[in-house]
Amino acid sequence: MTIAQSIERFLLTEVAADFGKTTLDPDADLLEQRIIDSLAILKLVTFLEETCGIKVNDEEIVPENFQSLNSLVKFVEQKQRKS
Amino acid sequence: MNFELSKDQVELKKSAIRFAQETLNENVIERDRDAVYSRDLLKQCAEFGIQGSAVPARYGGSNLDIFSTMVRMEGLGYGCKDNGLIFAVNGQMWTVQMPILRFGTDEQKDAYLPKLCRGEWIGANSVTEPDAGSDAFGLNTSARLDGDHYVLNGRKTFSTMAPAADVFIVYATVDKRKGFMGVTAFIVERNFPGLRVGRTISKMGLRTAPFAEIHFEDCRVPVKNLLSKEGNGSAIFEDTVEWERACILAGFLGGMERQLEQCIKHAATRKQFGKAIGKNQSVANKIVDMKVRLETARLLLYKVAWTKQTQGKAIMDAAMAKLYVSESWKASCLDAVQIHGGYGYTTEYEVERELRDSIGSTLYSGTSEIQRNIVARFLGL
């Protein structure tokens with residue numbers, strides 16, 4: 001499973017289950033659609049750290065990294081390359 | 001597993017108890033009745049080293065780790081009967097100093113931390129709004145970039161120590177559409193144009209730590225006072241409340257221990273029907289329950305310290321500790337009133353004040369309901 005598929009599955013099953021979606025538009029704004037809220041971000045960060053082997057610093061929890069599925073994947077890949 | 005405190009930690013706790021008993025307990029009943037804070041006592045706490053406990057020496061602190069800080073605060077809570085004062089000190093330490101220390105630039109740290117640690121300045125947090133309480137990130141106070149300043153507009157409420165504060169950590173949104181990720185933190189000095197501290201709001205407990213409304217009317221904040229980055233405010237706030245939840249309650253552990261000893265003494269010396277009331281199971285059982293709450297609360301809180309120290313984050317542990325310790329304190333305060341009977345209902349026995357103070361602990365820094373929401377989310381619910 002790719003990083004994108006893994007994150008999408010997590011979002012659909014653990015975060016956005018109430019939205020009834022089966023797929024996510026990779027560029028859809030997850031913040032404006034309120035799919036990621038302030039409680040969901042805590043779980044999402046834990047998931048990324050445990051599944052993708054990265055450490056998410058508090059300073060990195062900003063819209064440019066969490067706005068869409070694509071921005072999340074880009075953020076994770078950059079972090080993995082650096083480590 | 002070792003539950004023993006180190007010699008240094010034991011001394012930290014003992015010295016905080018001595019300092020508090022000798023310095024902080026005069027006229028608490030009167031100050032509570034009149035709802036007045038004491039800048040002098042806050043200064044004395046700073047001079048003793050309380051505010052700077054977890055701050056590096058270069059900014060005027062003593063650079064203690066979280067566990068040692070917690071132990072020191074536990075001692076302060078045991079020795080000091082003024083819960084409002086403890087609340088005010090903690091509010092500054094965890095919601096003002098800690099975000100500056102963890103997210104501020106070197107310039108911001110140099111500008112604010114030494115003054116706060118020395119007690120020259122008082123700091124206050126400003127997040128809650130009339131329509132954004134538990135939904136803290138649903139806030140409406142806006143921040144618009146205008147040249148080399150941000151312009152803040154909006155109204156805050158329940159800002160602890162705002163009537164006295166010299167500097168505020170203010171949360172405002174730079175883009176409401178982004179929800180919680182539009183929230184941005186600023187360091188705002190009291191004398192910045194457009195900031196006005198409004199009416200002080202009377203409250204049930206913690207009355208020596210007054211809170212007030214704050215109005216921002218085209219308040220101009222230099223860009224250099226942006227804390228971290230735009231949209232990073234929610235992460236700063238979450239990090240802040242995790243420290244707050246872990247450490248603010250340590251003081252109340254000390255308070256619970258002092259209260260337990262007071263109840264044991266009362267139950268052993270107060271005689272009715274020819275015997276000490278503690279010989280009645282209905283009284284003794286209450287005291288046993290208080291003891292069990294104290295010991296279990298301490299274990300939970302110490303685990304948070306250990307988790308934060310070893311793993312950095314302790315979101316669910318901190319939420320569980322906040323929930324359990326605050327609810328335990330409230331339950332034990334109710335028991336203490338009942339054990340003291342009619343005397344517990346009087347002001348002079350100082351038991352009723354602790355009950356009023358304890359109720360606030362299940363509300364601030366996230367209500368018990370919010371703590372349960374956090375834990376439920378982490379359990380996959």
# chains A, B, ... in the order shown; residues from 1 in each chain; ligands from 1
$ interface_residues --of "chain A" --to "chain B" --cutoff "10 Å" --atoms "only C-alpha atoms" --output "PyMOL selection string"
chain A and resi 13-15+29-34+36-43+46+57-64+66-67
$ residues_around --residues "Tyr59 (chain B)" --least-positions-apart "4" --cutoff "12 Å" --atoms "only C-alpha atoms" --output "list in words"
Gln51, Gly52, Ser53, Ala54, Val55, Asn63, Gln97, Ile100, Leu101, Asp106, Glu107, Gln108, Lys109, Asp110, Ala111, Tyr112, Leu113, Pro114, Lys115, Leu116, Cys117 and Arg118 of chain B
$ residues_around --residues "region 68-80 of chain B" --least-positions-apart "5" --cutoff "10 Å" --atoms "only C-alpha atoms" --output "PyMOL selection string"
chain B and resi 5-6+8-26+28+45+50+52-54+62-63+85-87+90+246-259+298+301-302+305
$ write_last_selection --atoms "C-alpha atoms" --output "compact mmCIF listing (two decimals), in the first residue's frame"
# COMPACT_ATOMS: atom_id res chain seq x y z
CA LEU B 5 11.69 10.60 44.72
CA SER B 6 15.36 11.58 44.46
CA ASP B 8 16.90 16.68 45.18
CA GLN B 9 13.20 16.21 44.47
CA VAL B 10 12.42 15.63 48.15
CA GLU B 11 14.27 18.84 49.00
CA LEU B 12 12.46 20.73 46.22
CA LYS B 13 9.14 19.67 47.69
CA LYS B 14 10.12 20.40 51.29
CA SER B 15 11.51 23.83 50.51
CA ALA B 16 8.36 24.76 48.53
CA ILE B 17 6.22 23.68 51.50
CA ARG B 18 8.31 25.79 53.92
CA PHE B 19 8.24 28.81 51.61
CA ALA B 20 4.48 28.59 51.10
CA GLN B 21 3.64 28.09 54.77
CA GLU B 22 5.85 30.98 55.86
CA THR B 23 4.93 33.42 53.10
CA LEU B 24 1.65 32.83 51.28
CA ASN B 25 -1.08 32.12 53.82
CA GLU B 26 -1.84 35.49 55.39
CA VAL B 28 -6.46 34.27 52.50
CA CYS B 45 6.82 33.27 44.34
CA ILE B 50 8.50 29.06 41.21
CA GLY B 52 11.09 29.96 36.46
CA SER B 53 11.05 26.30 37.49
CA ALA B 54 10.97 24.81 33.97
CA SER B 62 16.17 26.86 37.20
CA ASN B 63 15.73 24.47 34.24
CA LEU B 85 -2.62 32.26 43.78
CA ILE B 86 -1.43 28.81 42.72
CA PHE B 87 -3.78 28.95 39.74
CA ASN B 90 0.43 28.07 36.94
CA ALA B 246 -0.02 17.80 33.74
CA CYS B 247 1.39 20.46 36.05
CA ILE B 248 -1.46 22.67 37.23
CA LEU B 249 -3.00 19.67 38.97
CA ALA B 250 0.18 18.84 40.85
CA GLY B 251 -0.53 21.76 43.15
CA PHE B 252 -3.93 20.33 43.87
CA LEU B 253 -2.40 16.95 44.77
CA GLY B 254 -0.60 18.82 47.52
CA GLY B 255 -3.88 20.48 48.48
CA MET B 256 -5.62 17.10 48.63
CA GLU B 257 -2.91 15.77 50.93
CA ARG B 258 -3.18 18.78 53.27
CA GLN B 259 -6.96 18.46 53.27
CA ARG B 298 -0.76 10.94 42.12
CA LEU B 301 -0.09 12.44 37.24
CA TYR B 302 3.38 10.98 37.75
CA ALA B 305 5.36 13.32 33.72
$ select_by_dssp --residues "chain A" --states "alpha helix (DSSP H)" --output "ChimeraX atom specification"
/A:3-10,40-52,63-66,69-82
$ select_by_dssp --residues "region 9-232 of chain B" --states "strand (DSSP E)" --output "number ranges by chain"
B: 123-126, 142-146, 149-160, 167-173, 183-189, 195-201, 211-222, 226-227
$ closest_residue --among "A:Leu72, A:Ile35, A:Ser6, A:Ala17" --to "Thr51 (chain A)" --atoms "only C-alpha atoms"
A:Ser6
$ atom_distance --atom1 "CA of Arg58 (chain B)" --atom2 "CA of Val96 (chain B)"
17.5 Å
$ residues_around --residues "Thr2 (chain A)" --least-positions-apart "4" --cutoff "12 Å" --atoms "only C-alpha atoms" --output "list in words"
Ser6, Ile7, Glu8, Arg9, Thr51, Cys52, Val73, Val76 and Glu77 of chain A
$ atom_distance --atom1 "CA of Val304 (chain B)" --atom2 "CA of Asp317 (chain B)"
5.7 Å
$ residues_around --residues "His266 (chain B)" --least-positions-apart "2" --cutoff "9 Å" --atoms "only C-alpha atoms" --output "number ranges by chain"
B: 261-264, 268-270, 276-278, 339-340
$ atom_distance --atom1 "CA of Gln44 (chain B)" --atom2 "CA of Gly91 (chain B)"
16.3 Å
$ closest_residue --among "B:Gly84, B:Gly205, B:Gly198, B:Gly133" --to "Ser38 (chain B)" --atoms "only C-alpha atoms"
B:Gly84
$ closest_residue --among "A:Lys74, A:Arg81, A:Lys21, A:Lys55" --to "Ile3 (chain A)" --atoms "only C-alpha atoms"
A:Lys74
$ residues_around --residues "Val221 (chain B)" --least-positions-apart "2" --cutoff "8 Å" --atoms "only C-alpha atoms" --output "list in words"
His149, Tyr150, Val151, Leu152, Phe186, Val188, Phe192, Cys219, Val223 and Asn225 of chain B
$ write_last_selection --atoms "N, CA and C atoms" --output "PDB file, in the first residue's frame"
ATOM      1  N   HIS B 149       2.569  45.037  10.637  1.00  0.00           N
ATOM      2  CA  HIS B 149       1.746  44.764  11.820  1.00  0.00           C
ATOM      3  C   HIS B 149       0.612  43.801  11.464  1.00  0.00           C
ATOM      4  N   TYR B 150       0.127  43.102  12.472  1.00  0.00           N
ATOM      5  CA  TYR B 150      -1.170  42.422  12.372  1.00  0.00           C
ATOM      6  C   TYR B 150      -2.188  43.309  13.084  1.00  0.00           C
ATOM      7  N   VAL B 151      -3.400  43.329  12.539  1.00  0.00           N
ATOM      8  CA  VAL B 151      -4.461  44.110  13.165  1.00  0.00           C
ATOM      9  C   VAL B 151      -5.483  43.137  13.743  1.00  0.00           C
ATOM     10  N   LEU B 152      -5.640  43.168  15.076  1.00  0.00           N
ATOM     11  CA  LEU B 152      -6.538  42.226  15.769  1.00  0.00           C
ATOM     12  C   LEU B 152      -7.865  42.900  16.116  1.00  0.00           C
ATOM     13  N   PHE B 186      -0.249  35.136  19.121  1.00  0.00           N
ATOM     14  CA  PHE B 186       0.507  36.392  19.151  1.00  0.00           C
ATOM     15  C   PHE B 186       0.897  36.721  20.593  1.00  0.00           C
ATOM     16  N   VAL B 188       1.072  39.750  22.885  1.00  0.00           N
ATOM     17  CA  VAL B 188       0.505  41.105  22.856  1.00  0.00           C
ATOM     18  C   VAL B 188       0.744  41.786  24.205  1.00  0.00           C
ATOM     19  N   PHE B 192      -0.122  47.894  23.929  1.00  0.00           N
ATOM     20  CA  PHE B 192      -0.270  48.004  22.476  1.00  0.00           C
ATOM     21  C   PHE B 192      -1.587  48.735  22.176  1.00  0.00           C
ATOM     22  N   CYS B 219      -6.370  46.509  17.162  1.00  0.00           N
ATOM     23  CA  CYS B 219      -5.145  46.408  17.982  1.00  0.00           C
ATOM     24  C   CYS B 219      -3.959  46.055  17.083  1.00  0.00           C
ATOM     25  N   VAL B 223       4.671  42.429  13.568  1.00  0.00           N
ATOM     26  CA  VAL B 223       4.859  41.084  12.999  1.00  0.00           C
ATOM     27  C   VAL B 223       5.857  40.286  13.830  1.00  0.00           C
ATOM     28  N   ASN B 225       5.954  39.967  16.784  1.00  0.00           N
ATOM     29  CA  ASN B 225       5.272  39.355  17.931  1.00  0.00           C
ATOM     30  C   ASN B 225       4.372  38.186  17.544  1.00  0.00           C
TER      31      ASN B 225
END
$ decode --residues "region 27-54 of chain A" --atoms "C-alpha atoms" --output "tab-separated table (two decimals), in the first residue's frame"
chain	number	residue	atom	x	y	z
A	27	ASP	CA	-6.69	18.07	-3.74
A	28	ALA	CA	-9.86	18.52	-1.70
A	29	ASP	CA	-9.39	20.96	1.17
A	30	LEU	CA	-9.68	18.77	4.27
A	31	LEU	CA	-9.65	21.79	6.57
A	32	GLU	CA	-12.36	23.83	4.85
A	33	GLN	CA	-14.54	20.69	4.61
A	34	ARG	CA	-13.91	20.15	8.35
A	35	ILE	CA	-12.82	16.55	7.69
A	36	ILE	CA	-9.77	17.19	9.87
A	37	ASP	CA	-10.70	18.96	13.08
A	38	SER	CA	-8.74	19.77	16.21
A	39	LEU	CA	-9.32	16.35	17.79
A	40	ALA	CA	-8.75	14.44	14.55
A	41	ILE	CA	-5.36	16.09	14.04
A	42	LEU	CA	-4.12	14.55	17.30
A	43	LYS	CA	-4.98	11.06	16.05
A	44	LEU	CA	-3.67	11.79	12.57
A	45	VAL	CA	-0.28	12.91	13.86
A	46	THR	CA	-0.02	9.78	16.02
A	47	PHE	CA	-0.93	7.67	12.98
A	48	LEU	CA	1.68	9.34	10.75
A	49	GLU	CA	4.39	8.90	13.37
A	50	GLU	CA	3.59	5.24	14.03
A	51	THR	CA	2.87	4.20	10.43
A	52	CYS	CA	5.25	6.33	8.38
A	53	GLY	CA	8.17	6.34	10.81
A	54	ILE	CA	8.45	10.11	11.04
